[in-house]
Amino acid sequence: EPSIFNVKQTDEYVDFTYTGNVSEKTAIENVKKIYDLDFDLDKFYKYLDSYDELKDMSKFCNGLRLFQAKDPFECIISSICSANNSIKRWTKSIDDMKLKWGRNFNDYYSFPNPSNFKELYLDDDEELLNEGNIKNNNLKSCGVGYRAPYMRKASEIFTLEIDLSNIYKMSYDEAFETILEVPGVGPKVAD
């Protein structure tokens, strides 16, 4: 059973609890890694403040951290899902997929793995054809629209062609190029 980490921060304190078969030291190391807590934010803000065009960014992003995703497949599907989509809509789609097809660990749901994901129906028509009725048990029922076939193709690629665990062993550039080979995944552009 996987470990589950709960971290809650307020102005007064940080509350940290975990479940699973890990030591407190390992749990703390994992949370530090996930949230990149060893990264020097003050140095980063000073860098931003050293450029007139970036000064407002340090105020805007003060205290925010990007976290390392636990599941690279979920990140790839999220990337596909985010194309021409609002954050609110695509995060709801990902949450719906977890609830429908993920494993439940004490009310936390994992994301379906690539081999399970590739077996999902794309839409009502495919579900009707195979099940004889529609149970809203298909990707489009999660609000992904035209992105569903890209998601299935990604699951096929990571089941048959590319071992996702190798991504961590690649250089950044090699991993970036490998992920860009997946249909529906492209570089993100910030305005």
# chains A, B, ... in the order shown; residues from 1 in each chain; ligands from 1
>>> select_by_dssp(residues="stretch 8-189 of chain A", states="helix (DSSP H, G or I)", output="tab-separated table (two decimals) with N, CA and C atoms, in the first residue's frame")
chain	number	residue	atom	x	y	z
A	24	GLU	N	9.46	8.14	9.74
A	24	GLU	CA	9.20	9.58	9.73
A	24	GLU	C	10.27	10.29	8.89
A	25	LYS	N	11.52	9.86	9.01
A	25	LYS	CA	12.61	10.47	8.24
A	25	LYS	C	12.35	10.33	6.74
A	26	THR	N	11.96	9.14	6.30
A	26	THR	CA	11.67	8.91	4.88
A	26	THR	C	10.47	9.73	4.43
A	27	ALA	N	9.45	9.82	5.28
A	27	ALA	CA	8.27	10.62	4.95
A	27	ALA	C	8.66	12.09	4.76
A	28	ILE	N	9.47	12.62	5.65
A	28	ILE	CA	9.92	14.02	5.55
A	28	ILE	C	10.76	14.22	4.30
A	29	GLU	N	11.67	13.29	4.00
A	29	GLU	CA	12.49	13.39	2.79
A	29	GLU	C	11.62	13.40	1.53
A	30	ASN	N	10.59	12.56	1.51
A	30	ASN	CA	9.69	12.51	0.36
A	30	ASN	C	8.93	13.82	0.17
A	31	VAL	N	8.42	14.37	1.25
A	31	VAL	CA	7.69	15.64	1.15
A	31	VAL	C	8.64	16.76	0.71
A	32	LYS	N	9.86	16.77	1.26
A	32	LYS	CA	10.85	17.78	0.84
A	32	LYS	C	11.14	17.66	-0.65
A	33	LYS	N	11.24	16.43	-1.15
A	33	LYS	CA	11.50	16.22	-2.57
A	33	LYS	C	10.30	16.62	-3.43
A	34	ILE	N	9.11	16.19	-3.02
A	34	ILE	CA	7.90	16.49	-3.80
A	34	ILE	C	7.71	17.99	-3.95
A	41	LEU	N	14.06	29.80	-2.39
A	41	LEU	CA	13.10	30.75	-2.95
A	41	LEU	C	13.59	32.19	-2.85
A	42	ASP	N	14.26	32.55	-1.75
A	42	ASP	CA	14.74	33.93	-1.60
A	42	ASP	C	15.71	34.29	-2.72
A	43	LYS	N	16.59	33.36	-3.06
A	43	LYS	CA	17.53	33.59	-4.17
A	43	LYS	C	16.77	33.76	-5.48
A	44	PHE	N	15.72	32.97	-5.68
A	44	PHE	CA	14.90	33.06	-6.87
A	44	PHE	C	14.20	34.42	-6.94
A	45	TYR	N	13.63	34.88	-5.82
A	45	TYR	CA	12.94	36.18	-5.80
A	45	TYR	C	13.93	37.31	-6.07
A	46	LYS	N	15.13	37.20	-5.53
A	46	LYS	CA	16.15	38.23	-5.79
A	46	LYS	C	16.50	38.27	-7.28
A	47	TYR	N	16.56	37.10	-7.89
A	47	TYR	CA	16.81	37.03	-9.32
A	47	TYR	C	15.69	37.74	-10.09
A	48	LEU	N	14.44	37.41	-9.75
A	48	LEU	CA	13.31	38.06	-10.42
A	48	LEU	C	13.34	39.57	-10.22
A	49	ASP	N	13.64	39.99	-9.00
A	49	ASP	CA	13.65	41.43	-8.68
A	49	ASP	C	14.78	42.17	-9.38
A	52	ASP	N	13.61	44.49	-14.20
A	52	ASP	CA	12.40	45.32	-14.11
A	52	ASP	C	11.17	44.61	-14.63
A	53	GLU	N	11.32	43.90	-15.75
A	53	GLU	CA	10.16	43.24	-16.36
A	53	GLU	C	9.67	42.02	-15.56
A	54	LEU	N	10.45	41.56	-14.58
A	54	LEU	CA	10.06	40.38	-13.79
A	54	LEU	C	9.71	40.70	-12.35
A	55	LYS	N	9.90	41.96	-11.93
A	55	LYS	CA	9.69	42.31	-10.52
A	55	LYS	C	8.30	41.96	-10.02
A	56	ASP	N	7.28	42.21	-10.82
A	56	ASP	CA	5.92	41.90	-10.38
A	56	ASP	C	5.70	40.41	-10.17
A	57	MET	N	6.49	39.59	-10.86
A	57	MET	CA	6.32	38.14	-10.73
A	57	MET	C	6.67	37.66	-9.32
A	58	SER	N	7.69	38.24	-8.70
A	58	SER	CA	8.06	37.78	-7.37
A	58	SER	C	6.95	38.07	-6.36
A	59	LYS	N	6.22	39.14	-6.56
A	59	LYS	CA	5.07	39.43	-5.68
A	59	LYS	C	3.93	38.45	-5.98
A	60	PHE	N	3.70	38.21	-7.27
A	60	PHE	CA	2.61	37.34	-7.68
A	60	PHE	C	2.82	35.90	-7.19
A	72	PRO	N	4.12	10.25	-13.49
A	72	PRO	CA	4.38	10.93	-14.76
A	72	PRO	C	3.28	10.69	-15.80
A	73	PHE	N	2.62	9.54	-15.76
A	73	PHE	CA	1.54	9.28	-16.71
A	73	PHE	C	0.39	10.25	-16.46
A	74	GLU	N	0.05	10.48	-15.21
A	74	GLU	CA	-0.99	11.45	-14.89
A	74	GLU	C	-0.62	12.84	-15.41
A	75	CYS	N	0.66	13.20	-15.31
A	75	CYS	CA	1.12	14.51	-15.82
A	75	CYS	C	0.93	14.61	-17.32
A	76	ILE	N	1.23	13.54	-18.02
A	76	ILE	CA	1.10	13.54	-19.48
A	76	ILE	C	-0.37	13.65	-19.89
A	77	ILE	N	-1.22	12.88	-19.22
A	77	ILE	CA	-2.66	12.97	-19.52
A	77	ILE	C	-3.18	14.36	-19.14
A	78	SER	N	-2.69	14.91	-18.04
A	78	SER	CA	-3.09	16.28	-17.65
A	78	SER	C	-2.66	17.29	-18.70
A	79	SER	N	-1.47	17.10	-19.26
A	79	SER	CA	-0.99	18.00	-20.30
A	79	SER	C	-1.90	17.94	-21.52
A	80	ILE	N	-2.26	16.74	-21.91
A	80	ILE	CA	-3.18	16.57	-23.05
A	80	ILE	C	-4.53	17.21	-22.72
A	81	CYS	N	-4.99	16.97	-21.52
A	81	CYS	CA	-6.30	17.48	-21.10
A	81	CYS	C	-6.32	19.01	-21.01
A	82	SER	N	-5.18	19.62	-20.76
A	82	SER	CA	-5.14	21.07	-20.57
A	82	SER	C	-5.18	21.86	-21.88
A	87	ILE	N	-8.06	25.67	-16.38
A	87	ILE	CA	-7.49	24.87	-15.28
A	87	ILE	C	-8.62	24.17	-14.52
A	88	LYS	N	-9.68	24.90	-14.24
A	88	LYS	CA	-10.80	24.34	-13.49
A	88	LYS	C	-11.39	23.13	-14.20
A	89	ARG	N	-11.58	23.23	-15.52
A	89	ARG	CA	-12.19	22.13	-16.28
A	89	ARG	C	-11.26	20.92	-16.38
A	90	TRP	N	-9.98	21.14	-16.69
A	90	TRP	CA	-9.13	19.97	-16.88
A	90	TRP	C	-8.80	19.30	-15.56
A	91	THR	N	-8.68	20.06	-14.45
A	91	THR	CA	-8.44	19.41	-13.16
A	91	THR	C	-9.67	18.60	-12.73
A	92	LYS	N	-10.86	19.10	-13.05
A	92	LYS	CA	-12.06	18.32	-12.76
A	92	LYS	C	-12.07	17.03	-13.58
A	93	SER	N	-11.67	17.11	-14.84
A	93	SER	CA	-11.60	15.91	-15.68
A	93	SER	C	-10.64	14.88	-15.08
A	94	ILE	N	-9.47	15.32	-14.64
A	94	ILE	CA	-8.49	14.42	-14.04
A	94	ILE	C	-9.05	13.82	-12.75
A	95	ASP	N	-9.69	14.64	-11.93
A	95	ASP	CA	-10.30	14.13	-10.70
A	95	ASP	C	-11.38	13.10	-11.01
A	96	ASP	N	-12.19	13.36	-12.03
A	96	ASP	CA	-13.23	12.40	-12.43
A	96	ASP	C	-12.62	11.07	-12.85
A	97	MET	N	-11.51	11.12	-13.59
A	97	MET	CA	-10.85	9.88	-14.01
A	97	MET	C	-10.34	9.10	-12.80
A	98	LYS	N	-9.78	9.81	-11.83
A	98	LYS	CA	-9.30	9.14	-10.61
A	98	LYS	C	-10.45	8.45	-9.89
A	99	LEU	N	-11.56	9.17	-9.74
A	99	LEU	CA	-12.71	8.61	-9.03
A	99	LEU	C	-13.30	7.41	-9.76
A	100	LYS	N	-13.35	7.47	-11.09
A	100	LYS	CA	-13.96	6.38	-11.86
A	100	LYS	C	-13.05	5.16	-11.97
A	101	TRP	N	-11.75	5.38	-12.19
A	101	TRP	CA	-10.89	4.25	-12.55
A	101	TRP	C	-9.64	4.10	-11.70
A	114	PRO	N	-1.19	3.22	-17.23
A	114	PRO	CA	-1.36	3.21	-18.69
A	114	PRO	C	-2.03	1.95	-19.23
A	115	SER	N	-1.73	0.78	-18.66
A	115	SER	CA	-2.34	-0.44	-19.21
A	115	SER	C	-3.84	-0.49	-18.93
A	116	ASN	N	-4.28	-0.02	-17.78
A	116	ASN	CA	-5.72	0.06	-17.50
A	116	ASN	C	-6.37	1.15	-18.32
A	117	PHE	N	-5.67	2.26	-18.48
A	117	PHE	CA	-6.21	3.42	-19.18
A	117	PHE	C	-6.49	3.11	-20.64
A	124	ASP	N	-19.50	7.57	-25.71
A	124	ASP	CA	-20.77	6.85	-25.57
A	124	ASP	C	-20.94	5.79	-26.65
A	125	ASP	N	-20.58	6.13	-27.89
A	125	ASP	CA	-20.76	5.18	-29.00
A	125	ASP	C	-19.95	3.91	-28.78
A	126	GLU	N	-18.69	4.05	-28.40
A	126	GLU	CA	-17.85	2.88	-28.18
A	126	GLU	C	-18.34	2.07	-26.98
A	127	GLU	N	-18.79	2.77	-25.95
A	127	GLU	CA	-19.32	2.09	-24.77
A	127	GLU	C	-20.61	1.33	-25.12
A	128	LEU	N	-21.50	1.97	-25.88
A	128	LEU	CA	-22.75	1.34	-26.30
A	128	LEU	C	-22.48	0.10	-27.15
A	129	LEU	N	-21.53	0.22	-28.07
A	129	LEU	CA	-21.18	-0.89	-28.95
A	129	LEU	C	-20.67	-2.10	-28.15
A	130	ASN	N	-19.88	-1.86	-27.12
A	130	ASN	CA	-19.26	-2.94	-26.36
A	130	ASN	C	-20.07	-3.40	-25.15
A	131	GLU	N	-20.85	-2.51	-24.56
A	131	GLU	CA	-21.59	-2.86	-23.35
A	131	GLU	C	-23.08	-3.04	-23.59
A	139	LEU	N	-14.11	8.01	-21.46
A	139	LEU	CA	-13.29	9.21	-21.30
A	139	LEU	C	-14.06	10.50	-21.56
A	140	LYS	N	-14.86	10.53	-22.60
A	140	LYS	CA	-15.58	11.77	-22.90
A	140	LYS	C	-16.58	12.14	-21.80
A	141	SER	N	-17.03	11.16	-21.04
A	141	SER	CA	-17.94	11.47	-19.92
A	141	SER	C	-17.21	12.24	-18.82
A	142	CYS	N	-15.89	12.28	-18.90
A	142	CYS	CA	-15.08	13.07	-17.95
A	142	CYS	C	-14.80	14.47	-18.49
A	145	GLY	N	-13.56	15.59	-24.25
A	145	GLY	CA	-13.88	15.90	-25.64
A	145	GLY	C	-12.94	15.27	-26.64
A	146	TYR	N	-12.48	16.09	-27.60
A	146	TYR	CA	-11.65	15.61	-28.70
A	146	TYR	C	-10.29	15.06	-28.24
A	147	ARG	N	-9.94	15.27	-26.99
A	147	ARG	CA	-8.64	14.83	-26.46
A	147	ARG	C	-8.61	13.33	-26.15
A	148	ALA	N	-9.78	12.69	-26.06
A	148	ALA	CA	-9.85	11.27	-25.68
A	148	ALA	C	-8.96	10.37	-26.52
A	149	PRO	N	-8.99	10.46	-27.86
A	149	PRO	CA	-8.12	9.57	-28.65
A	149	PRO	C	-6.63	9.81	-28.39
A	150	TYR	N	-6.24	11.06	-28.12
A	150	TYR	CA	-4.84	11.35	-27.79
A	150	TYR	C	-4.45	10.67	-26.48
A	151	MET	N	-5.37	10.67	-25.54
A	151	MET	CA	-5.11	10.04	-24.25
A	151	MET	C	-4.95	8.53	-24.40
A	152	ARG	N	-5.81	7.93	-25.20
A	152	ARG	CA	-5.69	6.49	-25.41
A	152	ARG	C	-4.35	6.18	-26.10
A	153	LYS	N	-4.00	6.96	-27.11
A	153	LYS	CA	-2.73	6.73	-27.81
A	153	LYS	C	-1.56	6.85	-26.84
A	154	ALA	N	-1.60	7.84	-25.94
A	154	ALA	CA	-0.54	7.99	-24.94
A	154	ALA	C	-0.44	6.75	-24.07
A	155	SER	N	-1.58	6.22	-23.66
A	155	SER	CA	-1.55	5.02	-22.82
A	155	SER	C	-0.98	3.82	-23.59
A	156	GLU	N	-1.27	3.74	-24.87
A	156	GLU	CA	-0.70	2.66	-25.68
A	156	GLU	C	0.81	2.82	-25.82
A	157	ILE	N	1.27	4.03	-26.03
A	157	ILE	CA	2.71	4.29	-26.16
A	157	ILE	C	3.43	3.89	-24.88
A	158	PHE	N	2.85	4.24	-23.71
A	158	PHE	CA	3.53	3.96	-22.45
A	158	PHE	C	3.28	2.54	-21.95
A	159	THR	N	2.46	1.80	-22.65
A	159	THR	CA	2.30	0.39	-22.34
A	159	THR	C	3.19	-0.45	-23.25
A	160	LEU	N	3.32	-0.03	-24.52
A	160	LEU	CA	3.99	-0.87	-25.52
A	160	LEU	C	5.36	-0.38	-25.96
A	164	LEU	N	7.93	4.45	-18.83
A	164	LEU	CA	7.92	5.75	-18.16
A	164	LEU	C	8.96	5.86	-17.05
A	165	SER	N	9.34	4.77	-16.43
A	165	SER	CA	10.34	4.85	-15.36
A	165	SER	C	11.70	5.29	-15.91
A	166	ASN	N	11.92	5.12	-17.21
A	166	ASN	CA	13.18	5.57	-17.81
A	166	ASN	C	13.27	7.09	-17.94
A	167	ILE	N	12.13	7.79	-17.87
A	167	ILE	CA	12.12	9.24	-17.98
A	167	ILE	C	13.02	9.85	-16.90
A	168	TYR	N	12.98	9.28	-15.69
A	168	TYR	CA	13.76	9.81	-14.57
A	168	TYR	C	15.26	9.63	-14.78
A	169	LYS	N	15.64	8.71	-15.65
A	169	LYS	CA	17.06	8.44	-15.90
A	169	LYS	C	17.62	9.29	-17.04
A	172	TYR	N	17.26	16.20	-18.97
A	172	TYR	CA	16.05	17.00	-19.16
A	172	TYR	C	15.68	17.08	-20.63
A	173	ASP	N	16.66	17.42	-21.48
A	173	ASP	CA	16.39	17.59	-22.91
A	173	ASP	C	15.89	16.29	-23.55
A	174	GLU	N	16.50	15.16	-23.18
A	174	GLU	CA	16.08	13.88	-23.74
A	174	GLU	C	14.66	13.53	-23.29
A	175	ALA	N	14.36	13.74	-22.01
A	175	ALA	CA	13.01	13.47	-21.49
A	175	ALA	C	12.00	14.38	-22.17
A	176	PHE	N	12.35	15.65	-22.33
A	176	PHE	CA	11.46	16.62	-22.97
A	176	PHE	C	11.13	16.16	-24.39
A	177	GLU	N	12.14	15.80	-25.16
A	177	GLU	CA	11.93	15.35	-26.55
A	177	GLU	C	11.13	14.05	-26.60
A	178	THR	N	11.37	13.15	-25.66
A	178	THR	CA	10.63	11.88	-25.63
A	178	THR	C	9.15	12.13	-25.38
A	179	ILE	N	8.85	12.99	-24.42
A	179	ILE	CA	7.45	13.29	-24.09
A	179	ILE	C	6.77	14.01	-25.25
A	180	LEU	N	7.50	14.88	-25.94
A	180	LEU	CA	6.91	15.60	-27.06
A	180	LEU	C	6.53	14.68	-28.23
>>> select_by_dssp(residues="stretch 2-187 of chain A", states="strand (DSSP E or B)", output="short mmCIF file (atom, residue, chain, number, x, y, z; two decimals) with N, CA and C atoms, in the first residue's frame")
data_model
loop_
_atom_site.label_atom_id
_atom_site.label_comp_id
_atom_site.auth_asym_id
_atom_site.auth_seq_id
_atom_site.Cartn_x
_atom_site.Cartn_y
_atom_site.Cartn_z
N ILE A 4 0.67 7.86 2.07
CA ILE A 4 -0.14 9.05 1.80
C ILE A 4 0.35 10.14 2.72
N PHE A 5 0.69 11.30 2.13
CA PHE A 5 1.20 12.43 2.89
C PHE A 5 0.16 13.54 2.89
N ASN A 6 -0.12 14.07 4.05
CA ASN A 6 -1.02 15.22 4.17
C ASN A 6 -0.21 16.38 4.71
N VAL A 7 -0.16 17.46 3.97
CA VAL A 7 0.56 18.65 4.39
C VAL A 7 -0.40 19.82 4.31
N LYS A 8 -0.54 20.53 5.42
CA LYS A 8 -1.42 21.69 5.46
C LYS A 8 -0.65 22.83 6.11
N GLN A 9 -0.60 23.97 5.41
CA GLN A 9 0.12 25.11 5.94
C GLN A 9 -0.84 26.27 6.16
N VAL A 14 2.67 24.43 10.11
CA VAL A 14 2.59 23.43 9.06
C VAL A 14 2.21 22.12 9.74
N ASP A 15 1.12 21.53 9.32
CA ASP A 15 0.67 20.26 9.85
C ASP A 15 1.04 19.18 8.85
N PHE A 16 1.73 18.16 9.34
CA PHE A 16 2.21 17.09 8.46
C PHE A 16 1.85 15.75 9.08
N THR A 17 1.08 14.96 8.35
CA THR A 17 0.77 13.59 8.78
C THR A 17 1.00 12.66 7.60
N TYR A 18 1.19 11.41 7.89
CA TYR A 18 1.38 10.44 6.82
C TYR A 18 0.90 9.07 7.28
N THR A 19 0.55 8.25 6.31
CA THR A 19 0.20 6.86 6.56
C THR A 19 1.09 6.01 5.65
N ASN A 104 -8.60 3.33 -4.73
CA ASN A 104 -8.94 4.11 -3.54
C ASN A 104 -8.02 3.70 -2.39
N PHE A 105 -7.31 4.69 -1.84
CA PHE A 105 -6.46 4.50 -0.67
C PHE A 105 -6.93 5.48 0.41
N TYR A 108 -8.28 8.66 -0.94
CA TYR A 108 -7.40 9.29 -1.93
C TYR A 108 -7.35 8.33 -3.11
N TYR A 109 -7.50 8.87 -4.29
CA TYR A 109 -7.58 8.02 -5.48
C TYR A 109 -6.34 8.20 -6.34
N TYR A 121 -13.16 3.07 -22.63
CA TYR A 121 -13.91 3.48 -23.81
C TYR A 121 -13.67 4.96 -24.06
N ASN A 138 -16.82 6.28 -19.78
CA ASN A 138 -15.92 6.50 -20.91
C ASN A 138 -15.19 7.83 -20.73
#
>>> atom_distance(atom1="atom CA of A:Pro183", atom2="atom CA of A:Leu122")
15.8 Å
>>> closest_residue(among="A:Glu181, A:Lys70, A:Pro112, A:Asn62", to="A:Tyr35", atoms="only C-alpha atoms")
A:Lys70
